[in-house]
Structure formats: C-alpha cells, structure tokens
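Colleague: Pasting run-v6.pdb here (PDB, C-alpha atoms, pLDDT in the B column):
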ATOM      1  CA  MET A   2     -12.593  -3.110  12.650  1.00 49.00           C
ATOM      2  CA  LEU A   3     -14.006  -4.128   9.262  1.00 43.00           C
ATOM      3  CA  VAL A   4     -17.461  -5.369  10.329  1.00 43.00           C
ATOM      4  CA  GLU A   5     -19.826  -4.650  13.186  1.00 57.00           C
ATOM      5  CA  ARG A   6     -22.265  -7.143  14.655  1.00 58.00           C
ATOM      6  CA  LEU A   7     -25.974  -6.337  14.490  1.00 54.00           C
ATOM      7  CA  ALA A   8     -28.989  -8.055  15.980  1.00 56.00           C
ATOM      8  CA  ARG A   9     -29.392  -9.882  12.675  1.00 58.00           C
ATOM      9  CA  GLY A  10     -26.076 -10.512  10.993  1.00 56.00           C
ATOM     10  CA  VAL A  11     -23.239  -8.061  10.431  1.00 48.00           C
ATOM     11  CA  ARG A  12     -22.532  -5.036   8.274  1.00 58.00           C
ATOM     12  CA  LEU A  13     -19.376  -3.448   6.929  1.00 53.00           C
ATOM     13  CA  THR A  14     -17.877  -0.536   8.805  1.00 57.00           C
ATOM     14  CA  GLU A  15     -16.618   2.516   6.916  1.00 61.00           C
ATOM     15  CA  ALA A  16     -13.131   0.969   6.895  1.00 56.00           C
ATOM     16  CA  GLY A  17     -14.539  -2.351   5.673  1.00 52.00           C
ATOM     17  CA  SER A  18     -16.417  -0.673   2.834  1.00 57.00           C
ATOM     18  CA  ALA A  19     -13.283   1.193   1.752  1.00 57.00           C
ATOM     19  CA  LEU A  20     -11.266  -2.030   1.820  1.00 53.00           C
ATOM     20  CA  LEU A  21     -13.904  -3.825  -0.263  1.00 52.00           C
ATOM     21  CA  VAL A  22     -13.636  -1.164  -2.970  1.00 53.00           C
ATOM     22  CA  HIS A  23      -9.869  -1.633  -3.137  1.00 57.00           C
ATOM     23  CA  ALA A  24     -10.247  -5.425  -3.274  1.00 59.00           C
ATOM     24  CA  ASP A  25     -12.757  -5.155  -6.142  1.00 59.00           C
ATOM     25  CA  ILE A  26     -10.359  -2.931  -8.096  1.00 58.00           C
ATOM     26  CA  VAL A  27      -7.482  -5.367  -7.612  1.00 60.00           C
ATOM     27  CA  LEU A  28      -9.699  -8.292  -8.637  1.00 59.00           C
ATOM     28  CA  ALA A  29     -10.739  -6.496 -11.814  1.00 60.00           C
ATOM     29  CA  GLN A  30      -7.102  -6.032 -12.810  1.00 62.00           C
ATOM     30  CA  LEU A  31      -6.316  -9.661 -12.016  1.00 61.00           C
ATOM     31  CA  ALA A  32      -9.245 -10.734 -14.178  1.00 63.00           C
ATOM     32  CA  ASP A  33      -7.980  -8.622 -17.078  1.00 64.00           C
ATOM     33  CA  ALA A  34      -4.523 -10.139 -16.696  1.00 63.00           C
ATOM     34  CA  ALA A  35      -5.956 -13.660 -16.589  1.00 60.00           C
ATOM     35  CA  ALA A  36      -7.997 -13.002 -19.731  1.00 61.00           C
ATOM     36  CA  GLU A  37      -4.923 -11.687 -21.529  1.00 61.00           C
ATOM     37  CA  LEU A  38      -2.914 -14.731 -20.488  1.00 55.00           C
ATOM     38  CA  ASP A  39      -5.723 -16.976 -21.715  1.00 57.00           C
ATOM     39  CA  GLY A  40      -5.586 -15.273 -25.086  1.00 53.00           C
ATOM     40  CA  LEU A  41      -1.832 -15.644 -25.315  1.00 45.00           C
ATOM     41  CA  ALA A  42      -1.901 -19.265 -24.282  1.00 47.00           C
ATOM     42  CA  GLY A  43      -4.929 -20.107 -26.420  1.00 46.00           C
ATOM     43  CA  ARG A  44      -6.518 -22.078 -23.612  1.00 47.00           C
ATOM     44  CA  ARG A  45      -8.473 -21.645 -20.395  1.00 58.00           C
ATOM     45  CA  GLY A  46      -5.774 -22.299 -17.846  1.00 66.00           C
ATOM     46  CA  GLY A  47      -2.196 -21.582 -16.895  1.00 76.00           C
ATOM     47  CA  HIS A  48      -0.607 -19.563 -14.136  1.00 82.00           C
ATOM     48  CA  LEU A  49      -0.763 -15.948 -13.037  1.00 85.00           C
ATOM     49  CA  ARG A  50       2.246 -14.688 -11.086  1.00 89.00           C
ATOM     50  CA  PHE A  51       1.195 -11.744  -8.954  1.00 89.00           C
ATOM     51  CA  GLY A  52       3.423  -9.717  -6.628  1.00 92.00           C
ATOM     52  CA  SER A  53       2.348  -7.320  -3.915  1.00 91.00           C
ATOM     53  CA  PHE A  54       3.915  -5.544  -0.964  1.00 88.00           C
ATOM     54  CA  PRO A  55       3.132  -7.161   2.418  1.00 84.00           C
ATOM     55  CA  THR A  56       0.917  -4.366   3.781  1.00 82.00           C
ATOM     56  CA  ALA A  57      -1.484  -4.656   0.852  1.00 84.00           C
ATOM     57  CA  MET A  58      -1.458  -8.445   0.948  1.00 82.00           C
ATOM     58  CA  SER A  59      -2.350  -8.448   4.642  1.00 80.00           C
ATOM     59  CA  CYS A  60      -5.338  -6.169   3.932  1.00 79.00           C
ATOM     60  CA  VAL A  61      -6.813  -7.348   0.635  1.00 78.00           C
ATOM     61  CA  GLY A  62      -4.778 -10.497  -0.057  1.00 78.00           C
ATOM     62  CA  PRO A  63      -7.109 -13.111   1.476  1.00 80.00           C
ATOM     63  CA  VAL A  64     -10.170 -11.653  -0.277  1.00 82.00           C
ATOM     64  CA  VAL A  65      -8.360 -11.355  -3.602  1.00 81.00           C
ATOM     65  CA  ILE A  66      -6.953 -14.893  -3.468  1.00 82.00           C
ATOM     66  CA  GLU A  67     -10.216 -16.574  -2.464  1.00 84.00           C
ATOM     67  CA  THR A  68     -12.345 -14.650  -4.952  1.00 84.00           C
ATOM     68  CA  PHE A  69      -9.912 -15.056  -7.843  1.00 83.00           C
ATOM     69  CA  ARG A  70      -9.713 -18.818  -7.337  1.00 84.00           C
ATOM     70  CA  SER A  71     -13.490 -19.145  -7.197  1.00 85.00           C
ATOM     71  CA  ARG A  72     -14.001 -17.098 -10.377  1.00 82.00           C
ATOM     72  CA  TYR A  73     -11.088 -18.508 -12.388  1.00 81.00           C
ATOM     73  CA  PRO A  74     -10.497 -22.067 -11.173  1.00 84.00           C
ATOM     74  CA  ALA A  75      -8.547 -23.002 -14.306  1.00 83.00           C
ATOM     75  CA  VAL A  76      -5.927 -20.318 -13.666  1.00 84.00           C
ATOM     76  CA  GLU A  77      -3.529 -21.111 -10.848  1.00 84.00           C
ATOM     77  CA  PRO A  78      -2.396 -17.907  -9.098  1.00 85.00           C
ATOM     78  CA  LEU A  79       1.010 -17.550  -7.525  1.00 88.00           C
ATOM     79  CA  PHE A  80       1.093 -14.708  -5.010  1.00 88.00           C
ATOM     80  CA  VAL A  81       4.461 -13.354  -3.904  1.00 90.00           C
ATOM     81  CA  ASP A  82       5.281 -10.876  -1.133  1.00 90.00           C
ATOM     82  CA  THR A  83       7.557  -8.341  -2.760  1.00 92.00           C
ATOM     83  CA  GLU A  84       8.393  -4.706  -2.227  1.00 92.00           C
ATOM     84  CA  PRO A  85       7.552  -2.328  -5.105  1.00 93.00           C
ATOM     85  CA  TYR A  86      11.124  -1.957  -6.369  1.00 93.00           C
ATOM     86  CA  GLU A  87      11.582  -5.747  -6.270  1.00 94.00           C
ATOM     87  CA  ALA A  88       8.319  -6.184  -8.161  1.00 93.00           C
ATOM     88  CA  LEU A  89       9.466  -3.859 -10.942  1.00 93.00           C
ATOM     89  CA  VAL A  90      12.710  -5.796 -11.310  1.00 92.00           C
ATOM     90  CA  ALA A  91      10.729  -9.066 -11.434  1.00 93.00           C
ATOM     91  CA  LEU A  92       8.314  -7.649 -14.028  1.00 91.00           C
ATOM     92  CA  ARG A  93      11.212  -6.486 -16.173  1.00 89.00           C
ATOM     93  CA  SER A  94      12.762  -9.957 -16.072  1.00 90.00           C
ATOM     94  CA  ARG A  95       9.307 -11.536 -16.636  1.00 88.00           C
ATOM     95  CA  GLU A  96       9.383 -13.374 -13.326  1.00 92.00           C
ATOM     96  CA  LEU A  97       6.017 -11.737 -12.532  1.00 92.00           C
ATOM     97  CA  ASP A  98       2.999 -11.120 -14.757  1.00 89.00           C
ATOM     98  CA  LEU A  99       1.336  -8.473 -12.610  1.00 88.00           C
ATOM     99  CA  ALA A 100       2.159  -6.508  -9.474  1.00 91.00           C
ATOM    100  CA  LEU A 101       0.477  -4.171  -7.027  1.00 90.00           C
ATOM    101  CA  VAL A 102       2.891  -1.387  -6.078  1.00 92.00           C
ATOM    102  CA  PHE A 103       2.805   2.053  -4.508  1.00 91.00           C
ATOM    103  CA  SER A 104       4.636   5.242  -5.332  1.00 91.00           C
ATOM    104  CA  PHE A 105       4.788   8.840  -4.189  1.00 91.00           C
ATOM    105  CA  ASP A 106       5.358  12.057  -6.106  1.00 91.00           C
ATOM    106  CA  ARG A 107       8.950  12.181  -4.846  1.00 90.00           C
ATOM    107  CA  TRP A 108       9.594   8.464  -4.446  1.00 91.00           C
ATOM    108  CA  GLY A 109       8.966   6.200  -7.429  1.00 91.00           C
ATOM    109  CA  ALA A 110       8.063   2.530  -7.204  1.00 91.00           C
ATOM    110  CA  GLY A 111      11.491   1.530  -8.509  1.00 91.00           C
ATOM    111  CA  ARG A 112      13.351   3.216  -5.664  1.00 91.00           C
ATOM    112  CA  ALA A 113      14.529   0.970  -2.819  1.00 90.00           C
ATOM    113  CA  TYR A 114      14.211   1.921   0.840  1.00 86.00           C
ATOM    114  CA  ASP A 115      17.898   2.826   0.964  1.00 84.00           C
ATOM    115  CA  GLY A 116      17.184   5.520  -1.628  1.00 86.00           C
ATOM    116  CA  VAL A 117      18.890   3.728  -4.520  1.00 90.00           C
ATOM    117  CA  GLU A 118      17.015   3.541  -7.824  1.00 90.00           C
ATOM    118  CA  ARG A 119      16.848  -0.203  -8.539  1.00 90.00           C
ATOM    119  CA  CYS A 120      14.603  -0.072 -11.588  1.00 88.00           C
ATOM    120  CA  SER A 121      13.332   2.706 -13.803  1.00 86.00           C
ATOM    121  CA  ASP A 122       9.601   3.335 -13.554  1.00 79.00           C
ATOM    122  CA  ASP A 123       9.289   3.468 -17.340  1.00 81.00           C
ATOM    123  CA  VAL A 124      10.121  -0.222 -17.902  1.00 80.00           C
ATOM    124  CA  VAL A 125       6.540  -1.269 -17.083  1.00 86.00           C
ATOM    125  CA  ASP A 126       3.018  -0.073 -17.846  1.00 86.00           C
ATOM    126  CA  TYR A 127       1.049   1.389 -14.948  1.00 89.00           C
ATOM    127  CA  ILE A 128      -2.676   1.459 -14.270  1.00 85.00           C
ATOM    128  CA  ASP A 129      -3.643   3.811 -11.440  1.00 86.00           C
ATOM    129  CA  LEU A 130      -6.042   1.973  -9.138  1.00 82.00           C
ATOM    130  CA  PHE A 131      -6.612   4.403  -6.288  1.00 81.00           C
ATOM    131  CA  ASP A 132      -5.040   7.100  -4.136  1.00 85.00           C
ATOM    132  CA  ASP A 133      -4.565   6.337  -0.468  1.00 81.00           C
ATOM    133  CA  GLU A 134      -5.057   8.988   2.170  1.00 80.00           C
ATOM    134  CA  LEU A 135      -2.154   9.973   4.399  1.00 79.00           C
ATOM    135  CA  PHE A 136      -2.848   9.279   8.069  1.00 84.00           C
ATOM    136  CA  VAL A 137      -0.883  10.352  11.108  1.00 88.00           C
ATOM    137  CA  LEU A 138      -0.407   7.746  13.841  1.00 88.00           C
ATOM    138  CA  LEU A 139      -0.474   9.158  17.364  1.00 91.00           C
ATOM    139  CA  PRO A 140      -0.303   7.749  20.901  1.00 90.00           C
ATOM    140  CA  ARG A 141      -3.769   7.340  22.432  1.00 88.00           C
ATOM    141  CA  ALA A 142      -3.005   9.950  25.083  1.00 91.00           C
ATOM    142  CA  HIS A 143      -1.873  12.577  22.569  1.00 92.00           C
ATOM    143  CA  GLU A 144      -3.974  15.738  22.543  1.00 92.00           C
ATOM    144  CA  LEU A 145      -4.575  15.390  18.790  1.00 92.00           C
ATOM    145  CA  ALA A 146      -5.464  11.685  18.873  1.00 90.00           C
ATOM    146  CA  GLN A 147      -9.231  12.192  19.117  1.00 88.00           C
ATOM    147  CA  ARG A 148      -9.455  14.633  16.226  1.00 90.00           C
ATOM    148  CA  ARG A 149     -10.821  13.424  12.898  1.00 88.00           C
ATOM    149  CA  VAL A 150      -8.597  15.853  10.991  1.00 90.00           C
ATOM    150  CA  VAL A 151      -5.072  16.931  11.926  1.00 91.00           C
ATOM    151  CA  ARG A 152      -3.562  19.855  10.047  1.00 92.00           C
ATOM    152  CA  VAL A 153       0.066  19.496   9.085  1.00 93.00           C
ATOM    153  CA  GLU A 154       0.851  22.748  10.929  1.00 94.00           C
ATOM    154  CA  GLN A 155      -0.138  21.039  14.175  1.00 95.00           C
ATOM    155  CA  LEU A 156       2.790  18.643  13.771  1.00 93.00           C
ATOM    156  CA  ARG A 157       5.362  21.436  13.788  1.00 94.00           C
ATOM    157  CA  ASP A 158       6.792  20.534  17.218  1.00 92.00           C
ATOM    158  CA  GLU A 159       6.275  16.768  17.023  1.00 92.00           C
ATOM    159  CA  ARG A 160       9.006  14.144  16.704  1.00 90.00           C
ATOM    160  CA  ILE A 161       8.185  12.041  13.636  1.00 90.00           C
ATOM    161  CA  LEU A 162       9.247   8.425  13.181  1.00 85.00           C
ATOM    162  CA  GLY A 163       9.730   8.257   9.446  1.00 76.00           C
ATOM    163  CA  SER A 164      13.316   8.917   8.489  1.00 71.00           C
ATOM    164  CA  GLY A 165      14.067   6.894   5.357  1.00 75.00           C
ATOM    165  CA  GLN A 166      10.407   6.084   4.693  1.00 83.00           C
ATOM    166  CA  PRO A 167       9.148   6.392   1.081  1.00 88.00           C
ATOM    167  CA  TRP A 168       6.526   8.931   2.156  1.00 87.00           C
ATOM    168  CA  ALA A 169       9.060  11.140   3.965  1.00 88.00           C
ATOM    169  CA  PRO A 170      10.071  13.341   0.971  1.00 91.00           C
ATOM    170  CA  ASP A 171       6.439  14.161   0.184  1.00 92.00           C
ATOM    171  CA  PHE A 172       5.735  14.787   3.872  1.00 91.00           C
ATOM    172  CA  CYS A 173       8.730  17.118   4.147  1.00 92.00           C
ATOM    173  CA  HIS A 174       7.540  18.989   1.058  1.00 93.00           C
ATOM    174  CA  LEU A 175       4.079  19.318   2.605  1.00 92.00           C
ATOM    175  CA  CYS A 176       5.597  20.680   5.812  1.00 94.00           C
ATOM    176  CA  ALA A 177       7.802  23.100   3.860  1.00 95.00           C
ATOM    177  CA  SER A 178       4.681  24.415   2.130  1.00 94.00           C
ATOM    178  CA  ALA A 179       3.267  25.054   5.612  1.00 94.00           C
ATOM    179  CA  GLY A 180       6.404  26.983   6.578  1.00 95.00           C
ATOM    180  CA  PHE A 181       8.377  24.567   8.730  1.00 95.00           C
ATOM    181  CA  GLU A 182      10.800  21.645   8.629  1.00 94.00           C
ATOM    182  CA  PRO A 183       9.583  18.477  10.401  1.00 93.00           C
ATOM    183  CA  HIS A 184      11.599  16.795  13.141  1.00 91.00           C
ATOM    184  CA  LEU A 185      12.249  13.386  11.562  1.00 89.00           C
ATOM    185  CA  ASP A 186      13.664  10.994  14.145  1.00 86.00           C
ATOM    186  CA  GLY A 187      16.502   9.011  12.567  1.00 80.00           C
ATOM    187  CA  SER A 188      17.186   6.881  15.648  1.00 80.00           C
ATOM    188  CA  TYR A 189      14.938   4.100  14.362  1.00 77.00           C
ATOM    189  CA  ARG A 190      14.653   3.082  10.712  1.00 77.00           C
ATOM    190  CA  SER A 191      12.283   0.335   9.691  1.00 76.00           C
ATOM    191  CA  THR A 192       9.804  -0.614   6.973  1.00 74.00           C
ATOM    192  CA  ASP A 193       7.992  -2.873   9.442  1.00 75.00           C
ATOM    193  CA  PHE A 194       4.816  -0.882  10.016  1.00 76.00           C
ATOM    194  CA  PRO A 195       3.521  -2.984  12.950  1.00 77.00           C
ATOM    195  CA  ALA A 196       6.840  -2.342  14.718  1.00 80.00           C
ATOM    196  CA  ILE A 197       6.552   1.398  14.075  1.00 81.00           C
ATOM    197  CA  GLN A 198       2.961   1.374  15.315  1.00 81.00           C
ATOM    198  CA  ALA A 199       4.070  -0.363  18.505  1.00 84.00           C
ATOM    199  CA  LEU A 200       6.731   2.287  19.108  1.00 82.00           C
ATOM    200  CA  VAL A 201       4.230   5.104  18.619  1.00 84.00           C
ATOM    201  CA  ALA A 202       1.625   3.494  20.864  1.00 74.00           C
TER     202      ALA A 202
END
Go ahead and render the structure in this file as structure tokens.

Modeller:
Amino acid sequence: MLVERLARGVRLTEAGSALLVHADIVLAQLADAAAELDGLAGRRGGHLRFGSFPTAMSCVGPVVIETFRSRYPAVEPLFVDTEPYEALVALRSRELDLALVFSFDRWGAGRAYDGVERCSDDVVDYIDLFDDELFVLLPRAHELAQRRVVRVEQLRDERILGSGQPWAPDFCHLCASAGFEPHLDGSYRSTDFPAIQALVA
C-alpha cells in the first residue's frame, strides 16, 4: 500500500515515500536527457525514447510519464518496455536515448536471462541511481513471514524459487559466505514476478 487514508486526506506510507524518491531520481535523469536533446536539436521540442524493464515501469512509470509530460510538454516521450539486456542493445544501435536498467555484482545488465551475454556493459555510460534492497518472499503461514529481518542462514533448509534469475548468483555467493549452498528449485523458471509471487503464496 502506497498511501493510507486519514481523517483529513491521505499520507504516504513508508513504501510510498520510498517509491517517490525513486520516481524523483528517474525524473531528474529524464530532465537531463531532455535538456541535452534540446541542446543537440537547437530547439525546445523533439522526442525522448526511454526504455525500462516492466517491473520498474509498473511501479514508477505512471508517475514518471505524467510528471515528465507536464514539465516538458514540448518533448514527446516514447516509453518502451524492455529488459535490461535489450535496452543496452537498443542504446548501442541508437534506438533508445535513455534506459533504466538493473544489474547485480555477478550479473551485468547486458546479460540475458538465459545467461548469454548479449551486449557488453561498457558500450554505454551508466549513472547509478539507487541500490534496491533484497527481499525474501514467503508464504503468509511461514514461521519467518512476520519477521522484519530474515538472516540468510535461516534460509538454509528452504526451497528457493529462483533458478536462472539474475539475482541468483549473488544470492548463492551470499549463502556460500554463510556456509551453505541454497536449494534452488529448477522445476519452474520464469521472469514473471507476479507468477512467482502467486506460486510462493
């Protein structure tokens, strides 16, 4: 829940406040890109082609689109759902002007979900916007579900849906540092996070 209703109006929840910070950061980068395009074009107008992976677009996309259009009405944005490795390829071929991507220490943005390197990370310039926290998704009835913090050691005997996920190599490294190898369930592979959430629930 992003907002909570009060007797007079509403206020942002902790999650809503965190999301607003991310949206402001993305908007600032879009504004910089628009200004640069204006300078190149020598006029106040044109198009901005922006790619982002679906999870980010579903969270901050509506806010970013509405705010960008209100602040820069002369610049027509084109927003495209694209996975990070696809975005890098599109940036390299100049099909996109700007992209929001994610990467992990052991899984670069140019690496596809099948593990194949589709585009080298060094073909584009990066600006680090923020670091996301790693959350564990548990069934409601799980004994750890009500805890605010779950230590990685507590997942030693758990079956983890995550085989083939970009975060899996970093997670395995984290588990190895804690002295165990996680049980990654390879029976279901998907990058559809709502589907994975439904399976866990």

Colleague: To one decimal in Å, tell me the separation between atom CA of Ala142 of chain A and atom CA of Arg157 of chain A.

Modeller: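 The value is 18.2 Å.
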
Colleague: Tell me, counting only C-alpha atoms, for each residue of segment 81-102 of chain A within 12 Å of segment 166-182 of chain A, which pair of atoms is nearest and how far apart they are in Å to one decimal, in rows ordered by chain and increasing number, as CSV.

Modeller:
residue,atom,partner,partner_atom,distance
A:Glu84,CA,A:Pro167,CA,11.6
A:Pro85,CA,A:Pro167,CA,10.8
A:Tyr86,CA,A:Pro167,CA,11.4

Colleague: For segment 44-61 of chain A, work out the shell of residues within 7 Å, counting only C-alpha atoms and skipping chain neighbours fewer than 3 positions away, then give it as a ChimeraX atom specification.

Modeller: /A:24,35,39,64-65,75-85,88,97-102

Colleague: Here is a test: counting all atoms listed in the file, which residue of A:Phe136, A:Phe69, A:Tyr127, A:Tyr189 is nearest to Gly165 of chain A?

Modeller: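 When distances to Gly165 of chain A are compared using all atoms listed in the file, the smallest one comes from A:Tyr189.
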
Colleague: Quick one: everything within 8 Å of segment 196-201 of chain A, counting only C-alpha atoms, minus sequence neighbours fewer than 2 positions away in the same chain. Send it as a list in words.

Modeller: Leu138, Leu139, Pro140, Leu162, Ser191, Asp193 and Phe194 of chain A

Colleague: Determine the axis-aligned bounding box of all atoms of segment 96-99 of chain A present in the file, pad each side by 3 Å, and express its centre and edge lengths in Å to one decimal place as AutoDock Vina command-line options.

Modeller:
--center_x 5.4 --center_y -10.9 --center_z -13.6 --size_x 14.0 --size_y 10.9 --size_z 8.2

Colleague: Report the distance between atom CA of Thr68 of chain A and atom CA of Leu135 of chain A in Å, rounded to one decimal place.

Modeller: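 Going from atom CA of Thr68 of chain A over to atom CA of Leu135 of chain A, I get 28.2 Å.
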
Colleague: Interatomic distance between atom CA of Gly109 of chain A and atom CA of Ser121 of chain A?

Modeller: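 Computed distance, atom CA of Gly109 of chain A to atom CA of Ser121 of chain A, equals 8.5 Å.
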
Colleague: Can you list, as a PyMOL selection string, the residues that the PyMOL selection byres ((chain A and resi 115) around 12) selects here?

Modeller: chain A and resi 86+108+111-114+116-119+164-167+190-192
